[in-house]
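Have a look at entry15.cif below; it lists mmCIF, C-alpha atoms.
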```
data_query
loop_
_atom_site.label_atom_id
_atom_site.label_comp_id
_atom_site.auth_asym_id
_atom_site.auth_seq_id
_atom_site.Cartn_x
_atom_site.Cartn_y
_atom_site.Cartn_z
CA MET R 25 -19.28 -21.13 -17.90
CA ILE R 26 -18.76 -21.01 -14.14
CA ALA R 27 -16.53 -23.58 -12.50
CA ALA R 28 -17.93 -25.64 -9.66
CA ASP R 29 -15.82 -24.15 -6.89
CA VAL R 30 -16.52 -20.51 -7.73
CA ASN R 31 -18.75 -18.76 -5.22
CA VAL R 32 -20.72 -16.19 -7.22
CA ALA R 33 -21.55 -13.94 -4.25
CA GLN R 34 -17.87 -13.81 -3.23
CA ASN R 35 -16.87 -12.77 -6.75
CA VAL R 36 -19.57 -10.10 -6.96
CA GLY R 37 -18.42 -8.66 -3.63
CA PHE R 38 -14.85 -8.74 -4.85
CA TYR R 39 -15.67 -6.85 -8.06
CA ILE R 40 -17.66 -4.13 -6.26
CA ILE R 41 -14.88 -3.51 -3.71
CA ALA R 42 -12.20 -3.73 -6.41
CA ALA R 43 -13.95 -1.13 -8.59
CA ILE R 44 -14.15 1.28 -5.63
CA MET R 45 -10.49 0.63 -4.81
CA VAL R 46 -9.23 1.21 -8.36
CA TYR R 47 -11.19 4.45 -8.66
CA ALA R 48 -9.91 5.63 -5.27
CA ALA R 49 -6.31 4.70 -6.15
CA LEU R 50 -6.66 6.66 -9.39
CA ARG R 51 -7.87 9.67 -7.40
CA VAL R 52 -4.94 9.35 -4.96
CA VAL R 53 -2.45 9.82 -7.79
CA THR R 54 -4.41 12.39 -9.81
CA THR R 55 -6.23 14.70 -7.36
CA ARG R 56 -4.98 18.26 -6.99
CA ASN R 57 -5.56 18.47 -3.24
CA VAL R 58 -3.18 16.79 -0.79
CA VAL R 59 -5.84 16.31 1.90
CA HIS R 60 -8.20 14.72 -0.63
CA ALA R 61 -5.39 12.38 -1.70
CA ALA R 62 -4.97 11.27 1.92
CA LEU R 63 -8.70 10.66 2.32
CA TRP R 64 -8.89 8.67 -0.95
CA LEU R 65 -5.93 6.65 0.35
CA VAL R 66 -8.07 5.77 3.41
CA THR R 67 -10.68 4.37 0.99
CA VAL R 68 -8.06 2.24 -0.77
CA LEU R 69 -6.67 0.90 2.51
CA GLY R 70 -10.14 0.09 3.82
CA GLY R 71 -10.89 -1.74 0.56
CA VAL R 72 -7.69 -3.75 0.96
CA ALA R 73 -8.83 -4.74 4.47
CA ALA R 74 -12.21 -5.84 3.02
CA GLN R 75 -10.43 -7.96 0.40
CA TYR R 76 -8.40 -9.59 3.17
CA VAL R 77 -11.65 -10.59 4.87
CA LEU R 78 -12.88 -12.07 1.56
CA ALA R 79 -9.58 -13.97 1.30
CA ALA R 80 -10.05 -15.49 4.78
CA ALA R 81 -7.20 -13.45 6.29
CA GLU R 82 -8.98 -11.90 9.23
CA PHE R 83 -5.98 -11.26 11.47
CA VAL R 84 -4.18 -9.41 8.68
CA ALA R 85 -7.37 -7.44 7.96
CA VAL R 86 -7.63 -6.25 11.56
CA SER R 87 -3.90 -5.39 11.58
CA GLN R 88 -4.38 -3.44 8.35
CA VAL R 89 -7.20 -1.38 9.85
CA MET R 90 -5.31 -0.67 13.08
CA VAL R 91 -1.88 0.07 11.59
CA TYR R 92 -2.78 1.80 8.32
CA ILE R 93 -6.10 3.52 8.92
CA GLY R 94 -5.42 4.11 12.61
CA ALA R 95 -1.76 5.10 12.69
CA VAL R 96 -0.26 5.70 9.25
CA MET R 97 -3.07 7.94 8.04
CA VAL R 98 -2.85 10.09 11.17
CA LEU R 99 0.89 10.45 10.49
CA PHE R 100 0.13 11.48 6.91
CA LEU R 101 -2.42 14.09 7.98
CA PHE R 102 0.03 15.48 10.55
CA GLY R 103 2.71 15.59 7.86
CA ILE R 104 0.39 17.50 5.53
CA MET R 105 -0.54 19.97 8.25
CA LEU R 106 3.02 20.53 9.48
CA THR R 107 4.30 21.21 5.97
CA ARG R 108 1.50 23.77 5.62
CA ALA R 109 0.05 22.56 2.38
CA THR R 110 -2.68 24.96 1.42
CA ILE R 111 -6.11 23.50 2.16
CA GLY R 112 -7.67 23.70 -1.26
CA ALA R 113 -6.68 23.07 -4.85
CA GLU R 114 -3.01 23.31 -5.75
CA GLY R 115 -1.84 23.62 -9.31
CA ASP R 116 1.72 22.39 -8.82
CA LEU R 117 1.23 18.98 -7.23
CA ASN R 118 2.66 17.23 -10.32
CA ASN R 119 6.07 17.34 -11.97
CA ARG R 120 6.62 19.29 -15.18
CA ASN R 121 6.95 16.07 -17.17
CA TRP R 122 4.41 14.03 -15.23
CA ALA R 123 2.90 12.66 -18.47
CA MET R 124 5.94 10.36 -18.80
CA GLY R 125 4.44 8.34 -15.97
CA ILE R 126 1.42 7.33 -18.05
CA PRO R 127 3.21 5.11 -20.61
CA VAL R 128 5.34 3.60 -17.84
CA ALA R 129 2.28 2.71 -15.75
CA VAL R 130 0.32 1.42 -18.75
CA ALA R 131 3.25 -0.74 -19.90
CA LEU R 132 3.77 -2.09 -16.36
CA ILE R 133 0.10 -2.96 -15.86
CA GLY R 134 -0.11 -4.45 -19.35
CA VAL R 135 2.92 -6.72 -18.99
CA MET R 136 1.94 -7.88 -15.49
CA SER R 137 -1.68 -8.53 -16.52
CA TRP R 138 -0.52 -10.49 -19.56
CA VAL R 139 1.79 -12.68 -17.45
CA ILE R 140 -0.85 -13.21 -14.74
CA ILE R 141 -3.61 -14.13 -17.21
CA ASP R 142 -1.23 -16.38 -19.12
CA GLU R 143 -0.27 -18.26 -15.94
CA TYR R 144 -3.43 -18.22 -13.80
CA GLY R 145 -6.13 -17.42 -16.38
CA SER R 146 -8.21 -20.55 -15.90
CA SER R 147 -7.32 -21.63 -12.35
CA THR R 148 -9.71 -21.19 -9.45
CA ILE R 149 -9.11 -21.14 -5.72
CA ALA R 150 -11.05 -23.66 -3.66
CA GLU R 151 -13.13 -21.93 -1.03
CA PRO R 152 -11.45 -22.38 2.38
CA GLU R 153 -13.40 -24.22 5.06
CA THR R 154 -12.63 -21.64 7.76
CA ALA R 155 -10.60 -18.48 8.09
CA MET R 156 -6.87 -18.93 8.64
CA PRO R 157 -6.58 -19.54 12.42
CA THR R 158 -4.49 -17.00 14.29
CA GLU R 159 -2.73 -19.90 16.07
CA ALA R 160 -1.19 -20.91 12.73
CA ILE R 161 0.21 -17.40 12.24
CA SER R 162 1.51 -17.17 15.81
CA ASP R 163 3.09 -20.66 15.53
CA ILE R 164 5.16 -19.44 12.59
CA TYR R 165 6.04 -16.20 14.37
CA LEU R 166 7.28 -17.97 17.49
CA ARG R 167 9.12 -20.84 15.77
CA GLU R 168 10.90 -20.35 12.43
CA GLY R 169 9.97 -16.67 12.23
CA LEU R 170 11.27 -15.74 15.68
CA VAL R 171 14.59 -14.19 14.61
CA PRO R 172 13.06 -11.96 11.92
CA PHE R 173 10.31 -11.04 14.39
CA LEU R 174 12.87 -9.86 16.96
CA ALA R 175 14.83 -8.08 14.23
CA LEU R 176 11.63 -6.34 13.18
CA SER R 177 11.09 -5.03 16.71
CA PHE R 178 14.58 -3.50 16.58
CA VAL R 179 13.74 -1.96 13.20
CA LEU R 180 10.64 -0.35 14.70
CA LEU R 181 12.61 0.90 17.71
CA ALA R 182 15.31 2.35 15.46
CA ALA R 183 12.66 3.98 13.25
CA ALA R 184 10.95 5.57 16.26
CA ILE R 185 14.22 6.93 17.66
CA GLY R 186 15.36 8.05 14.21
CA ALA R 187 12.10 9.87 13.54
CA ILE R 188 12.35 11.68 16.89
CA VAL R 189 15.98 12.66 16.24
CA LEU R 190 15.22 13.87 12.70
CA ALA R 191 12.09 15.81 13.54
CA ARG R 192 13.34 17.40 16.78
CA LYS R 193 13.99 21.10 16.75
CA ASP R 194 17.55 21.80 17.83
CA MET X 15 -12.92 -17.50 -6.48
CA TYR X 16 -10.88 -16.98 -9.61
CA ALA X 17 -7.14 -16.85 -9.01
CA VAL X 18 -6.63 -13.89 -11.34
CA ASN X 19 -8.93 -11.58 -9.35
CA PHE X 20 -6.55 -10.70 -6.54
CA LEU X 21 -3.46 -10.77 -8.75
CA LEU X 22 -4.92 -8.37 -11.34
CA LEU X 23 -6.10 -6.02 -8.57
CA GLY X 24 -2.55 -6.06 -7.16
CA ALA X 25 -1.07 -5.35 -10.60
CA VAL X 26 -3.37 -2.35 -11.17
CA MET X 27 -2.65 -0.91 -7.72
CA PHE X 28 1.09 -1.38 -8.28
CA GLY X 29 0.95 0.41 -11.65
CA LEU X 30 -1.01 3.33 -10.21
CA GLY X 31 1.48 3.59 -7.34
CA VAL X 32 4.41 3.68 -9.77
CA PHE X 33 2.63 6.40 -11.75
CA GLY X 34 2.21 8.40 -8.53
CA VAL X 35 5.89 8.08 -7.62
CA LEU X 36 6.92 9.25 -11.10
CA ALA X 37 4.38 12.04 -11.56
CA ARG X 38 4.05 13.65 -8.14
CA ARG X 39 6.07 16.64 -7.02
CA ASN X 40 4.93 16.90 -3.40
CA ALA X 41 6.99 14.59 -1.15
CA VAL X 42 3.98 13.59 0.99
CA THR X 43 2.00 12.38 -2.03
CA VAL X 44 5.03 10.38 -3.20
CA LEU X 45 5.01 8.63 0.19
CA MET X 46 1.28 7.91 -0.29
CA SER X 47 2.03 6.32 -3.67
CA ILE X 48 4.66 4.13 -2.00
CA GLU X 49 1.94 2.97 0.41
CA LEU X 50 -0.16 1.98 -2.62
CA ILE X 51 2.73 -0.12 -3.97
CA LEU X 52 3.29 -1.87 -0.62
CA ASN X 53 -0.42 -2.66 -0.33
CA ALA X 54 -0.44 -4.14 -3.83
CA VAL X 55 2.35 -6.49 -2.74
CA ASN X 56 0.37 -7.42 0.37
CA VAL X 57 -2.72 -8.26 -1.68
CA ASN X 58 -0.59 -10.63 -3.76
CA LEU X 59 0.93 -12.26 -0.66
CA ILE X 60 -2.53 -12.92 0.81
CA ALA X 61 -3.75 -14.29 -2.54
CA PHE X 62 -0.87 -16.77 -2.72
CA ALA X 63 -1.45 -17.77 0.90
CA LEU X 64 -5.09 -18.49 -0.01
CA MET X 65 -4.04 -20.55 -3.05
CA ASN X 66 -1.61 -22.70 -1.08
CA ASN X 67 -3.73 -22.73 2.08
CA SER X 68 -0.73 -21.80 4.24
CA ALA X 69 -0.12 -19.14 6.86
CA GLU X 70 3.33 -18.08 5.62
CA GLY X 71 1.84 -15.46 3.31
CA HIS X 72 0.01 -13.89 6.22
CA VAL X 73 3.25 -13.70 8.22
CA PHE X 74 5.01 -12.02 5.30
CA ALA X 75 2.14 -9.56 4.91
CA LEU X 76 2.38 -8.62 8.59
CA TYR X 77 6.14 -8.07 8.23
CA VAL X 78 5.46 -5.79 5.26
CA ILE X 79 2.86 -3.84 7.27
CA ALA X 80 5.34 -3.30 10.12
CA VAL X 81 8.16 -2.22 7.79
CA ALA X 82 5.78 0.15 5.98
CA ALA X 83 4.83 1.77 9.27
CA ALA X 84 8.52 2.32 10.12
CA GLU X 85 9.17 3.65 6.61
CA VAL X 86 6.35 6.19 6.84
CA GLY X 87 7.55 7.41 10.25
CA VAL X 88 11.12 8.01 9.10
CA GLY X 89 9.99 9.33 5.69
CA LEU X 90 7.69 11.94 7.17
CA ALA X 91 10.35 12.99 9.68
CA MET X 92 12.73 13.54 6.75
CA VAL X 93 10.06 15.52 4.89
CA LEU X 94 9.55 17.70 7.96
CA MET X 95 13.29 18.35 8.23
CA ILE X 96 13.53 19.24 4.54
CA TYR X 97 10.56 21.58 4.95
CA ARG X 98 12.17 23.26 7.96
CA ASN X 99 15.46 23.79 6.13
CA ARG X 100 14.16 24.82 2.73
CA ARG X 101 10.53 25.99 3.26
CA SER X 102 9.43 23.67 0.46
CA ILE X 103 8.81 19.95 -0.07
CA ALA X 104 8.75 20.09 -3.87
CA LEU X 105 11.03 17.27 -4.95
CA ASP X 106 12.26 18.94 -8.15
CA GLU X 107 13.68 21.85 -6.13
CA LEU X 108 15.99 19.52 -4.16
CA SER X 109 18.74 19.79 -6.74
CA THR X 110 21.69 20.78 -4.53
CA MET X 111 23.61 17.63 -5.48
CA ARG X 112 23.19 18.09 -9.24
CA GLY X 113 26.65 17.97 -10.86
#
```

Conversion result in structure tokens:
Amino acid sequence: MIAADVNVAQNVGFYIIAAIMVYAALRVVTTRNVVHAALWLVTVLGGVAAQYVLAAAEFVAVSQVMVYIGAVMVLFLFGIMLTRATIGAEGDLNNRNWAMGIPVAVALIGVMSWVIIDEYGSSTIAEPETAMPTEAISDIYLREGLVPFLALSFVLLAAAIGAIVLARKD
Amino acid sequence: MYAVNFLLLGAVMFGLGVFGVLARRNAVTVLMSIELILNAVNVNLIAFALMNNSAEGHVFALYVIAVAAAEVGVGLAMVLMIYRNRRSIALDELSTMRG
């Protein structure tokens, strides 16, 4: 039985993108090649941006594409190249006792899924009339969010200077 | 749109990220798993913003994106320094402080 305010096409799009994202996330944590892990991570991050568009969060989606796929992934690929990971399969990408992670992850996903389904199992989200206007986001940033926004710019400045100091050859 | 869709996707991404942090030995892949965890949190924030029809969730998600960018910059600089000093970024070999 489908509730009245469920858009079938939106759900189908969600499930297709979600299946691709879950498979890609699984490959990120299981592949034996560091470069492949980075490229699968690009797939996951692009899928997240597509889900933001489905959730009417267009400004965040564009920020996700520019910051993650544009900047963070380039940093990752530079990091991989500068640490001279062999291009090709590597046998020792995992810990000796990596299998301990499986029960932890399964228990975590199980408990969180149980709580989520228990709380939100039958509720639906009404389809928004329009996407969230960027003015609404900027109003929050420049009023009650102004102090954290300025603090965040100092965090970014400190991170940039710190990264230069750490990575510089003396 | 069902409310559980986004939340379950976030839970699965979070669990896979935690598995990556626990299982991986290469420091760069551990940082990638941390990115998975942060993105799972962002998916949840956007889902709650959609449920309550408010922009606060979007603002929080943008803060998280900015902090994640800073974290990756500093993290990779640290990995580079460790590589330069020890010729290895395998995390289980960094046992100098073991008692």

Contacts of chain R with chain X up to 6 Å, shortest pair per row, only C-alpha atoms, as a tab-separated table:
```
residue	atom	partner	partner_atom	distance
R:Val30	CA	X:Met15	CA	4.9
R:Val53	CA	X:Gly34	CA	4.9
R:Leu117	CA	X:Arg39	CA	5.4
R:Asn118	CA	X:Arg38	CA	4.4
R:Asn119	CA	X:Arg39	CA	5.0
R:Trp122	CA	X:Ala37	CA	4.2
R:Gly125	CA	X:Phe33	CA	5.0
R:Ala129	CA	X:Gly29	CA	4.9
R:Ile133	CA	X:Gly29	CA	5.5
R:Tyr144	CA	X:Val18	CA	5.9
R:Ser147	CA	X:Ala17	CA	5.8
R:Thr148	CA	X:Tyr16	CA	4.4
R:Ile149	CA	X:Met15	CA	5.3
R:Ile161	CA	X:Ala69	CA	5.7
R:Leu180	CA	X:Ala84	CA	5.7
R:Ala183	CA	X:Ala84	CA	5.4
R:Ala187	CA	X:Val88	CA	4.9
R:Leu190	CA	X:Ala91	CA	5.8
R:Ala191	CA	X:Ala91	CA	5.1
```

Output C-alpha atoms for every residue in that selection, as a CSV table (one decimal), keeping the file's coordinate frame.
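For reference, part20.csv as written:
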```
chain,number,residue,atom,x,y,z
R,30,VAL,CA,-16.5,-20.5,-7.7
R,53,VAL,CA,-2.4,9.8,-7.8
R,117,LEU,CA,1.2,19.0,-7.2
R,118,ASN,CA,2.7,17.2,-10.3
R,119,ASN,CA,6.1,17.3,-12.0
R,122,TRP,CA,4.4,14.0,-15.2
R,125,GLY,CA,4.4,8.3,-16.0
R,129,ALA,CA,2.3,2.7,-15.8
R,133,ILE,CA,0.1,-3.0,-15.9
R,144,TYR,CA,-3.4,-18.2,-13.8
R,147,SER,CA,-7.3,-21.6,-12.4
R,148,THR,CA,-9.7,-21.2,-9.4
R,149,ILE,CA,-9.1,-21.1,-5.7
R,161,ILE,CA,0.2,-17.4,12.2
R,180,LEU,CA,10.6,-0.4,14.7
R,183,ALA,CA,12.7,4.0,13.2
R,187,ALA,CA,12.1,9.9,13.5
R,190,LEU,CA,15.2,13.9,12.7
R,191,ALA,CA,12.1,15.8,13.5
```

Just to confirm, what's the straight-line distance from atom CA of Met156 of chain R to atom CA of Val84 of chain R in Å (one decimal)?
9.9 Å

Point-to-point distance in Å for atom CA of Met111 of chain X and atom CA of Val128 of chain R:
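Between atom CA of Val128 of chain R and atom CA of Met111 of chain X the gap works out to 26.1 Å.
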
Taking the file as I've supplied it (selection: the PyMOL selection byres ((chain R and resi 48) around 7)), which residues are included? Please answer as a list in words.
Ile44, Met45, Val46, Tyr47, Ala49, Leu50, Arg51, Val52, Trp64, Leu65, Thr67 and Val68 of chain R

Quick one, how far is atom CA of Gly71 of chain R from atom CA of Ala42 of chain R?
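Going from atom CA of Gly71 of chain R over to atom CA of Ala42 of chain R, I get 7.4 Å.
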
7 Å contact set for Val66 of chain R, only C-alpha atoms, chain neighbours under 4 positions out, as a compact mmCIF listing (two decimals) with C-alpha atoms, in the coordinates of the input:
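The result, stored in around_25.txt:
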```
# COMPACT_ATOMS: atom_id res chain seq x y z
CA ALA R 62 -4.97 11.27 1.92
CA GLY R 70 -10.14 0.09 3.82
CA ILE R 93 -6.10 3.52 8.92
```
